[in-house]
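Asks: Structure file work19.csv (CSV, C-alpha atoms and all ligand atoms) right here:
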```csv
chain,number,residue,atom,x,y,z
A,1,MET,CA,86.8,112.0,119.4
A,2,ARG,CA,83.3,110.9,118.5
A,3,PRO,CA,81.0,114.0,118.4
A,4,SER,CA,77.7,113.6,120.3
A,5,GLY,CA,74.8,112.7,118.2
A,6,THR,CA,76.8,110.7,115.6
A,7,ARG,CA,76.3,107.1,116.6
A,8,THR,CA,75.4,105.0,113.6
A,9,VAL,CA,77.3,105.0,110.3
A,10,ALA,CA,76.9,102.8,107.2
A,11,VAL,CA,79.7,101.6,105.0
A,12,THR,CA,79.0,100.2,101.6
A,13,GLY,CA,81.7,97.9,100.3
A,14,VAL,CA,82.4,96.9,103.9
A,15,ALA,CA,83.9,93.5,102.8
A,16,GLY,CA,86.4,95.1,100.6
A,17,PHE,CA,89.9,96.6,101.3
A,18,ILE,CA,89.2,100.2,102.3
A,19,GLY,CA,85.7,99.5,103.7
A,20,SER,CA,86.8,96.8,106.1
A,21,ASN,CA,89.7,98.9,107.4
A,22,LEU,CA,87.3,101.8,107.8
A,23,ALA,CA,84.8,99.7,109.7
A,24,ASP,CA,87.5,98.5,112.1
A,25,ARG,CA,88.5,102.1,112.8
A,26,LEU,CA,84.8,103.3,113.2
A,27,LEU,CA,84.1,100.4,115.7
A,28,ALA,CA,87.3,101.3,117.6
A,29,GLU,CA,86.0,104.9,117.9
A,30,GLY,CA,82.7,103.6,119.3
A,31,TYR,CA,80.4,103.9,116.4
A,32,ARG,CA,77.7,101.4,115.5
A,33,VAL,CA,78.4,100.3,111.9
A,34,VAL,CA,75.9,99.0,109.4
A,35,GLY,CA,77.8,97.2,106.7
A,36,ILE,CA,76.6,96.7,103.2
A,37,ASP,CA,78.2,94.4,100.6
A,38,ASP,CA,77.0,91.9,98.1
A,39,LEU,CA,80.3,89.9,98.5
A,40,SER,CA,80.7,90.0,94.7
A,41,TYR,CA,84.3,90.8,95.3
A,42,GLY,CA,84.9,91.3,99.0
A,43,VAL,CA,84.9,88.4,101.4
A,44,LEU,CA,82.9,87.9,104.6
A,45,GLU,CA,86.0,87.1,106.7
A,46,GLN,CA,87.1,90.6,106.2
A,47,VAL,CA,84.0,92.1,107.7
A,48,PRO,CA,84.7,92.9,111.4
A,49,GLY,CA,82.5,90.8,113.7
A,50,ASP,CA,80.8,93.7,115.4
A,51,VAL,CA,79.4,95.1,112.1
A,52,ASP,CA,75.7,94.8,111.6
A,53,PHE,CA,76.3,93.2,108.2
A,54,HIS,CA,73.8,92.9,105.3
A,55,GLN,CA,74.7,91.0,102.2
A,56,ILE,CA,72.8,93.1,99.7
A,57,ASP,CA,73.4,94.7,96.3
A,58,ILE,CA,73.7,98.5,96.4
A,59,ARG,CA,71.1,98.6,93.6
A,60,ALA,CA,68.5,96.9,95.8
A,61,PRO,CA,65.3,98.8,96.7
A,62,GLN,CA,65.5,97.8,100.4
A,63,LEU,CA,68.5,100.0,100.9
A,64,SER,CA,66.7,103.0,102.3
A,65,ALA,CA,65.2,100.8,105.1
A,66,LEU,CA,68.7,99.7,106.1
A,67,LEU,CA,69.8,103.3,106.3
A,68,ARG,CA,67.1,104.4,108.6
A,69,GLY,CA,68.7,105.9,111.7
A,70,VAL,CA,72.1,106.2,110.0
A,71,ASP,CA,73.9,109.5,110.5
A,72,VAL,CA,76.7,109.2,107.9
A,73,VAL,CA,77.0,106.9,104.9
A,74,PHE,CA,80.4,106.0,103.5
A,75,HIS,CA,79.7,104.8,100.0
A,76,LEU,CA,82.7,102.7,98.8
A,77,ALA,CA,81.1,99.8,97.0
A,78,ALA,CA,82.1,99.7,93.3
A,79,LYS,CA,83.3,97.7,90.4
A,80,ASN,CA,86.8,99.0,90.4
A,81,CYS,CA,89.2,96.8,88.5
A,82,ILE,CA,90.0,99.1,85.5
A,83,SER,CA,90.6,96.3,83.0
A,84,ASP,CA,87.4,94.4,84.1
A,85,CYS,CA,85.5,97.7,83.7
A,86,GLN,CA,86.9,98.2,80.2
A,87,GLN,CA,85.6,94.7,79.3
A,88,ASP,CA,82.1,95.4,80.6
A,89,PRO,CA,80.9,99.0,80.4
A,90,LEU,CA,77.3,98.0,81.0
A,91,GLU,CA,77.9,96.3,84.3
A,92,THR,CA,80.3,99.1,85.3
A,93,SER,CA,77.7,101.7,84.8
A,94,SER,CA,75.0,99.6,86.4
A,95,ILE,CA,77.0,99.2,89.7
A,96,ASN,CA,79.0,102.4,89.8
A,97,VAL,CA,76.3,104.8,88.4
A,98,LEU,CA,72.9,103.2,89.0
A,99,GLY,CA,74.1,101.6,92.3
A,100,SER,CA,75.5,105.0,93.5
A,101,VAL,CA,72.3,106.8,92.6
A,102,ASN,CA,70.4,104.2,94.6
A,103,VAL,CA,72.7,104.9,97.6
A,104,PHE,CA,72.1,108.6,97.2
A,105,GLU,CA,68.4,108.2,96.9
A,106,ALA,CA,68.2,105.8,99.8
A,107,SER,CA,70.3,108.3,101.9
A,108,ARG,CA,67.9,111.1,101.0
A,109,GLN,CA,64.8,109.0,101.9
A,110,ALA,CA,66.4,107.9,105.1
A,111,ARG,CA,67.3,111.5,106.0
A,112,VAL,CA,71.0,110.7,106.3
A,113,ARG,CA,73.0,113.7,107.4
A,114,LYS,CA,76.0,113.2,105.2
A,115,VAL,CA,77.3,111.0,102.4
A,116,VAL,CA,81.0,110.6,101.9
A,117,TYR,CA,81.7,108.7,98.7
A,118,ALA,CA,84.6,107.3,96.7
A,119,GLU,CA,85.7,108.9,93.5
A,120,SER,CA,89.2,108.1,92.2
A,121,SER,CA,92.4,109.6,90.9
A,122,ALA,CA,91.3,107.9,87.6
A,123,LEU,CA,89.4,111.1,87.0
A,124,TYR,CA,92.7,112.6,86.1
A,125,GLU,CA,93.7,110.0,83.5
A,126,GLY,CA,93.9,112.5,80.7
A,127,SER,CA,95.7,115.2,82.6
A,128,ALA,CA,99.4,115.8,82.2
A,129,ILE,CA,99.7,118.0,85.3
A,130,VAL,CA,101.5,116.5,88.2
A,131,PRO,CA,101.0,116.8,91.1
A,132,THR,CA,97.4,116.9,90.0
A,133,PRO,CA,95.0,119.3,91.7
A,134,GLU,CA,91.2,118.5,92.1
A,135,THR,CA,90.3,120.8,89.2
A,136,GLU,CA,92.0,118.6,86.5
A,137,LEU,CA,89.1,116.4,85.6
A,138,ALA,CA,89.9,114.3,82.5
A,139,PRO,CA,88.3,110.8,82.7
A,140,GLU,CA,89.0,108.4,79.9
A,141,SER,CA,88.4,104.7,80.8
A,142,PHE,CA,84.9,103.3,81.4
A,143,TYR,CA,85.8,103.0,85.1
A,144,ALA,CA,86.7,106.7,85.3
A,145,LEU,CA,83.7,107.7,83.3
A,146,SER,CA,81.5,105.8,85.7
A,147,LYS,CA,83.1,107.7,88.6
A,148,MET,CA,82.5,111.0,86.8
A,149,SER,CA,78.9,110.1,86.2
A,150,GLU,CA,78.6,109.2,89.9
A,151,ARG,CA,80.0,112.6,90.6
A,152,LEU,CA,77.5,114.4,88.4
A,153,PHE,CA,74.6,112.6,90.2
A,154,ALA,CA,76.1,113.5,93.6
A,155,GLU,CA,76.1,117.1,92.5
A,156,GLY,CA,72.5,116.8,91.4
A,157,TYR,CA,71.5,115.3,94.8
A,158,ALA,CA,73.3,118.2,96.6
A,159,ARG,CA,71.7,120.8,94.3
A,160,HIS,CA,68.2,119.5,94.1
A,161,PHE,CA,67.7,117.8,97.4
A,162,GLY,CA,70.3,119.5,99.6
A,163,LEU,CA,72.1,116.1,100.3
A,164,ASN,CA,75.4,116.9,102.1
A,165,MET,CA,78.2,115.2,100.1
A,166,THR,CA,82.0,114.9,100.3
A,167,ALA,CA,83.9,113.1,97.4
A,168,LEU,CA,87.2,111.4,98.1
A,169,ARG,CA,89.7,110.8,95.3
A,170,TYR,CA,92.0,108.1,96.4
A,171,PHE,CA,95.3,107.6,94.7
A,172,CYS,CA,96.9,104.1,95.1
A,173,VAL,CA,95.7,103.1,98.6
A,174,TYR,CA,97.7,100.2,100.1
A,175,GLY,CA,97.9,98.4,103.4
A,176,PRO,CA,96.6,95.2,105.1
A,177,ARG,CA,93.8,93.5,103.1
A,178,GLN,CA,94.8,95.3,99.9
A,179,ASP,CA,93.2,93.1,97.2
A,180,TYR,CA,95.6,90.2,96.5
A,181,ARG,CA,93.1,87.9,94.8
A,182,ARG,CA,93.0,89.6,91.3
A,183,THR,CA,94.7,87.9,88.4
A,184,ILE,CA,97.0,90.8,88.4
A,185,PRO,CA,97.0,92.2,91.9
A,186,PRO,CA,98.1,95.8,92.7
A,187,VAL,CA,101.9,95.9,92.5
A,188,MET,CA,102.7,95.9,96.2
A,189,SER,CA,100.6,92.8,97.0
A,190,ALA,CA,101.9,91.0,93.9
A,191,PHE,CA,105.6,91.7,94.8
A,192,ILE,CA,105.3,90.8,98.4
A,193,ILE,CA,103.4,87.5,97.8
A,194,HIS,CA,105.9,86.4,95.1
A,195,LEU,CA,108.9,87.3,97.1
A,196,LEU,CA,107.6,85.7,100.3
A,197,ARG,CA,107.0,82.5,98.3
A,198,GLY,CA,110.5,82.6,96.8
A,199,ALA,CA,109.1,83.3,93.3
A,200,ARG,CA,110.1,86.0,90.8
A,201,PRO,CA,107.6,88.9,90.6
A,202,THR,CA,106.5,90.3,87.3
A,203,ILE,CA,107.0,93.9,86.3
A,204,TYR,CA,104.8,95.0,83.4
A,205,GLY,CA,106.6,97.4,81.2
A,206,SER,CA,110.0,98.9,82.2
A,207,GLY,CA,109.1,99.6,85.8
A,208,ALA,CA,109.5,103.3,85.2
A,209,LYS,CA,105.8,104.1,85.7
A,210,LYS,CA,105.3,106.1,88.9
A,211,ARG,CA,102.5,105.9,91.4
A,212,ASP,CA,101.4,107.9,94.4
A,213,PHE,CA,100.9,105.5,97.3
A,214,VAL,CA,98.9,106.4,100.4
A,215,PHE,CA,98.5,104.1,103.4
A,216,VAL,CA,94.9,103.0,104.3
A,217,ASP,CA,95.1,104.4,107.9
A,218,ASP,CA,95.9,107.8,106.5
A,219,VAL,CA,92.9,107.6,104.2
A,220,ASN,CA,90.7,106.6,107.1
A,221,GLU,CA,91.8,109.5,109.2
A,222,PHE,CA,90.3,111.8,106.6
A,223,HIS,CA,87.1,109.7,106.4
A,224,LEU,CA,86.6,110.4,110.1
A,225,GLN,CA,87.4,114.0,109.7
A,226,CYS,CA,84.7,114.3,107.0
A,227,MET,CA,82.0,113.2,109.5
A,228,HIS,CA,82.3,116.2,111.6
A,229,ASP,CA,84.3,118.9,109.8
A,230,GLY,CA,81.9,121.2,108.0
A,231,ARG,CA,84.7,122.5,105.8
A,232,THR,CA,84.6,119.2,103.9
A,233,ASP,CA,80.9,119.6,103.0
A,234,GLY,CA,80.2,119.8,99.2
A,235,LYS,CA,83.9,119.4,98.3
A,236,ALA,CA,86.1,116.8,96.6
A,237,PHE,CA,89.6,116.0,98.1
A,238,ASN,CA,92.6,114.2,96.8
A,239,LEU,CA,93.9,111.6,99.2
A,240,ALA,CA,97.5,110.8,98.3
A,241,SER,CA,101.0,111.1,99.7
A,242,GLY,CA,102.0,113.9,97.3
A,243,SER,CA,105.0,112.1,96.1
A,244,SER,CA,105.4,109.2,93.7
A,245,TYR,CA,107.7,106.1,93.3
A,246,SER,CA,108.4,104.1,90.3
A,247,VAL,CA,107.3,100.5,90.2
A,248,ARG,CA,111.0,99.4,90.2
A,249,GLU,CA,111.7,101.6,93.2
A,250,VAL,CA,108.9,100.0,95.1
A,251,PHE,CA,110.2,96.6,94.1
A,252,ASP,CA,113.7,97.5,95.4
A,253,ILE,CA,112.3,98.8,98.7
A,254,ILE,CA,110.3,95.7,99.3
A,255,GLN,CA,113.4,93.6,98.5
A,256,ARG,CA,115.4,95.6,101.0
A,257,LEU,CA,112.7,95.2,103.7
A,258,LEU,CA,112.5,91.4,103.1
A,259,GLY,CA,116.3,90.9,102.7
A,260,THR,CA,115.8,89.2,99.3
A,261,SER,CA,117.7,89.6,96.1
A,262,VAL,CA,115.7,88.4,93.2
A,263,GLU,CA,115.5,89.7,89.6
A,264,PRO,CA,111.9,90.4,88.4
A,265,VAL,CA,110.5,89.0,85.2
A,266,TYR,CA,109.7,91.8,82.8
A,267,GLU,CA,106.6,91.5,80.6
A,268,ALA,CA,104.8,93.7,78.1
A,269,ASP,CA,103.2,96.8,79.6
A,270,LEU,CA,99.5,96.7,80.5
A,271,PRO,CA,97.4,98.9,78.2
A,272,GLY,CA,95.8,102.2,79.3
A,273,GLU,CA,97.9,102.8,82.4
A,274,ALA,CA,99.1,106.4,83.2
A,275,VAL,CA,102.8,107.1,83.2
A,276,GLN,CA,102.7,108.8,86.5
A,277,THR,CA,100.2,109.6,89.2
A,278,CYS,CA,100.9,112.1,91.9
A,279,GLY,CA,98.2,114.0,93.9
A,280,ASP,CA,98.3,117.6,94.9
A,281,VAL,CA,97.1,117.2,98.5
A,282,SER,CA,97.2,120.9,99.5
A,283,LEU,CA,93.4,121.1,99.8
A,284,ALA,CA,93.2,118.2,102.4
A,285,ARG,CA,96.4,119.6,104.1
A,286,SER,CA,94.7,123.0,104.4
A,287,LEU,CA,92.2,121.2,106.8
A,288,GLY,CA,95.0,119.8,108.9
A,289,TRP,CA,95.2,116.3,107.3
A,290,GLU,CA,98.6,114.8,106.7
A,291,PRO,CA,99.6,111.5,105.2
A,292,ARG,CA,101.7,110.3,108.1
A,293,VAL,CA,102.6,106.7,107.4
A,294,GLY,CA,105.9,106.5,105.4
A,295,LEU,CA,106.5,103.9,102.7
A,296,ASP,CA,108.8,101.7,104.7
A,297,GLU,CA,106.4,101.5,107.7
A,298,GLY,CA,103.4,101.0,105.5
A,299,LEU,CA,105.1,98.3,103.5
A,300,LEU,CA,106.3,96.5,106.7
A,301,ARG,CA,102.7,96.4,107.9
A,302,SER,CA,101.5,95.1,104.5
A,303,ILE,CA,104.2,92.4,104.6
A,304,ALA,CA,103.2,91.3,108.1
A,305,PHE,CA,99.6,91.0,106.9
A,306,ILE,CA,100.4,89.1,103.8
A,307,ARG,CA,102.8,86.8,105.6
A,308,GLU,CA,100.3,85.9,108.2
A,309,ASN,CA,97.1,85.8,106.1
A,310,VAL,CA,98.1,84.6,102.7
A,311,VAL,CA,101.5,82.9,102.6
A,312,ASP,CA,101.6,81.2,106.0
A,313,ARG,CA,97.9,80.2,105.7
A,314,ASP,CA,98.5,78.7,102.2
A,315,ALA,CA,101.5,76.8,103.6
A,316,ALA,CA,99.5,75.4,106.5
A,317,ARG,CA,96.7,74.3,104.1
A,318,ALA,CA,99.3,72.6,101.9
A,319,ILE,CA,100.7,70.7,104.9
A,320,SER,CA,97.3,69.5,106.1
A,321,ALA,CA,96.1,68.5,102.6
A,401,LIG,N1,92.0,100.9,96.5
A,401,LIG,C1,92.4,102.0,95.8
A,401,LIG,O1,93.6,102.3,95.6
A,401,LIG,C2,91.3,102.9,95.2
A,401,LIG,C3,91.8,104.0,94.4
A,401,LIG,C4,90.8,104.8,93.9
A,401,LIG,C5,89.5,104.6,94.2
A,401,LIG,N2,89.1,103.6,94.9
A,401,LIG,C6,87.6,103.4,95.2
A,401,LIG,O2,87.4,103.2,96.6
A,401,LIG,C7,86.3,102.3,96.8
A,401,LIG,C8,86.8,101.1,97.7
A,401,LIG,O3,87.9,100.5,97.0
A,401,LIG,P1,88.5,99.1,97.5
A,401,LIG,O4,90.0,99.1,97.1
A,401,LIG,O5,88.2,98.9,99.0
A,401,LIG,O6,87.8,98.1,96.6
A,401,LIG,P2,87.3,96.5,96.9
A,401,LIG,O7,87.1,95.9,95.6
A,401,LIG,O8,88.3,95.9,97.9
A,401,LIG,O9,85.9,96.8,97.7
A,401,LIG,C9,84.7,97.1,97.0
A,401,LIG,C10,83.6,96.3,97.6
A,401,LIG,O10,82.4,96.6,97.0
A,401,LIG,C11,81.6,95.4,96.9
A,401,LIG,N3,80.6,95.6,95.8
A,401,LIG,C12,80.9,95.6,94.5
A,401,LIG,N4,79.7,95.7,93.8
A,401,LIG,C13,78.7,95.7,94.7
A,401,LIG,C14,77.3,95.9,94.7
A,401,LIG,N5,76.7,95.9,93.5
A,401,LIG,N6,76.6,95.9,95.8
A,401,LIG,C15,77.2,95.8,97.0
A,401,LIG,N7,78.5,95.7,97.1
A,401,LIG,C16,79.3,95.7,96.0
A,401,LIG,C17,82.6,94.3,96.7
A,401,LIG,O11,82.1,93.0,97.0
A,401,LIG,C18,83.8,94.8,97.5
A,401,LIG,O12,83.7,94.2,98.8
A,401,LIG,C19,85.8,101.9,95.4
A,401,LIG,O13,84.7,102.8,95.1
A,401,LIG,C20,87.0,102.2,94.5
A,401,LIG,O14,86.5,102.6,93.2
A,401,LIG,C21,90.0,102.7,95.5
```
Now that the file is in, can you turn its structure into structure tokens?
Ligand SMILES: NC(=O)c1ccc[n+]([C@@H]2O[C@H](COP(=O)([O-])OP(=O)(O)OC[C@H]3O[C@@H](n4cnc5c(N)ncnc54)[C@H](O)[C@@H]3O)[C@@H](O)[C@H]2O)c1

Replies:
Amino acid sequence: MRPSGTRTVAVTGVAGFIGSNLADRLLAEGYRVVGIDDLSYGVLEQVPGDVDFHQIDIRAPQLSALLRGVDVVFHLAAKNCISDCQQDPLETSSINVLGSVNVFEASRQARVRKVVYAESSALYEGSAIVPTPETELAPESFYALSKMSERLFAEGYARHFGLNMTALRYFCVYGPRQDYRRTIPPVMSAFIIHLLRGARPTIYGSGAKKRDFVFVDDVNEFHLQCMHDGRTDGKAFNLASGSSYSVREVFDIIQRLLGTSVEPVYEADLPGEAVQTCGDVSLARSLGWEPRVGLDEGLLRSIAFIRENVVDRDAARAISA
């Protein structure tokens, strides 16, 4: 239920995967949504029609004017493809650190009540403890270092200016609109697209790497809780399912759901990827949050989205060409 007084929220990265799903949910709950995205990666067609959309870089000085009257800011915009970030540490820090500081500063100037921002399970890259609790900070890649720096500035804004912040550490979020445009898309999108097209998906490495997958609607449930639950103030939370599946297991589950029987192509492993991710979600659970969407259900919803929006659309384009 929408608490009285909380009417306008802003979402940076609103044209991206999590941001666009969050905007849908916020609009459905009756909030007014100011959406910010420079469309460097996200696409306009993913921005829900009722969003008050501004195509603008999060580093722009006009940001504080856009946040005037906003109660809560969800800051999700980032450069977030780990391999792209490794190639370009300068741009990574410019967007993820400087851009985030500009969002925090603009939020302070606009007297925003609360900022909920995206960190990442990448902060645990160097930790061998699984399931990983929030205390295990060990960033290694430039992407993770940028998220760690963002975190330090967030702590500074809380300490020096009293800005109310909550940090969310997503593990592998999946669901409709999960990025399928990258050269190497996240495993689920990649497998589903290939199998629906009758092609053989690629598994990098042996397929034994394990990942903790959490459905986007579950993540959004906690976003909404952060808006009005004071117990989230000033804290960081893992958002994960608490269990992990190997890449090969995910492949086999998707094949079962699609009724296909195809052997994947195995290629050399991608560098710098963790052997296993698994989040300890006891902190979020202690506030009543629960990852509710199981893997089968979440995958079926992802398959339906990709079938309709990617595969069928491409086929229709090919016929009309
Ligand atoms: N998806 C996941 O599994 C996952 C896991 C851990 C952390 N995260 C974090 O969650 C957040 C959202 O992730 P996502 O999967 O929705 O990513 P996404 O790439 O789909 O969306 C990010 C959006 O930010 C926008 N953006 C990038 N640079 C910008 C800039 N300078 N100014 C304005 N907009 C800019 C892009 O155009 C894009 O629409 C990110 O901060 C990401 O690091 C995501």

Asks: Contacts of A:Val73 at 9 Å or less, counting all atoms listed in the file, minus same-chain residues fewer than 5 places along, as number ranges by chain?

Replies: A: 9-12, 67, 103, 107, 112-117

Asks: For ligand LIG 401 (chain A), collect every residue having any atom at a distance of at most 9 Å from a ligand atom (counting all atoms listed in the file); output as JSON, numbers by chain.

Replies: {"A": [12, 13, 14, 15, 16, 17, 18, 19, 20, 21, 36, 37, 38, 39, 40, 41, 42, 43, 44, 46, 55, 56, 57, 58, 59, 60, 75, 76, 77, 78, 79, 80, 81, 94, 95, 96, 99, 117, 118, 119, 120, 121, 122, 143, 144, 147, 168, 169, 170, 171, 172, 173, 174, 177, 178, 179, 186, 213, 214, 216]}

Asks: Report, in Å to a single decimal, how far apart atom CA of A:Ala268 and atom CA of A:Ser302 are.

Replies: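 A separation of 26.6 Å between them.
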
Asks: If we count only C-alpha atoms, what is near A:Leu26 at a cut-off of 10 Å, once residues fewer than 3 positions away on the same chain are taken out, given as a ChimeraX atom specification?

Replies: /A:2,7-11,20-23,29-33,51,220,223-224

Asks: Nearest to A:Tyr157: which of A:Thr92, A:Gln109, A:Thr132, A:Ser64 is it, counting only C-alpha atoms?

Replies: A:Gln109

Asks: Could you check how far atom CA of A:Ala65 sits from atom CA of A:His228, in Å to one decimal?

Replies: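 Result for atom CA of A:Ala65 versus atom CA of A:His228: 23.9 Å, one decimal.
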
Asks: Quick one: contact table of stretch 42-150 of chain A to stretch 283-289 of chain A, 12 Å max, nearest atom pair and distance in Å to one decimal per residue, counting all atoms listed in the file, chain and number order, as CSV?

Replies:
```
residue,atom,partner,partner_atom,distance
A:Thr132,CA,A:Leu283,CA,11.4
A:Pro133,CA,A:Leu283,CA,8.5
A:Glu134,CA,A:Leu283,CA,8.4
A:Thr135,CA,A:Leu283,CA,11.0
```

Asks: Which one is closest to A:Pro139: A:Cys85, A:Leu90, A:Val34, A:Leu123? Count all atoms listed in the file.

Replies: A:Leu123

Asks: Using all atoms listed in the file, which of the listed residues (A:Ala318, A:Cys226, A:Ile192, A:Ala236) sits closest to A:Ala304?

Replies: A:Ile192

Asks: For A:Ser241, which residue out of A:Gly298, A:Gly156, A:Pro89, A:Gly198 is the nearest one, using only C-alpha atoms?

Replies: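 Of A:Gly298, A:Gly156, A:Pro89, A:Gly198, the one nearest A:Ser241 is A:Gly298, counting only C-alpha atoms.
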
Asks: Name the closest residue to A:Pro264 among the candidates A:Lys210, A:Arg248, A:Arg68, A:Arg108; distances are taken between atoms, counting all atoms listed in the file.

Replies: A:Arg248

Asks: Have a look at atom CA of A:Gly279 and atom CA of A:Leu239 and let me know their distance in Å, one decimal.

Replies: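 One can read the atom CA of A:Gly279 to atom CA of A:Leu239 distance as 7.2 Å.
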
Asks: Of the residues A:Tyr266, A:Phe153, A:Phe215, A:Phe74, which is the one nearest to A:Arg301, using only C-alpha atoms?

Replies: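 For A:Arg301, the nearest of the given residues is A:Phe215.
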
Asks: Skipping near chain neighbours, those fewer than 6 positions away, what residues fall within 10 Å of A:Gly272 using only C-alpha atoms, listed as a PyMOL selection string?

Replies: chain A and resi 82-83+86+125+140-141
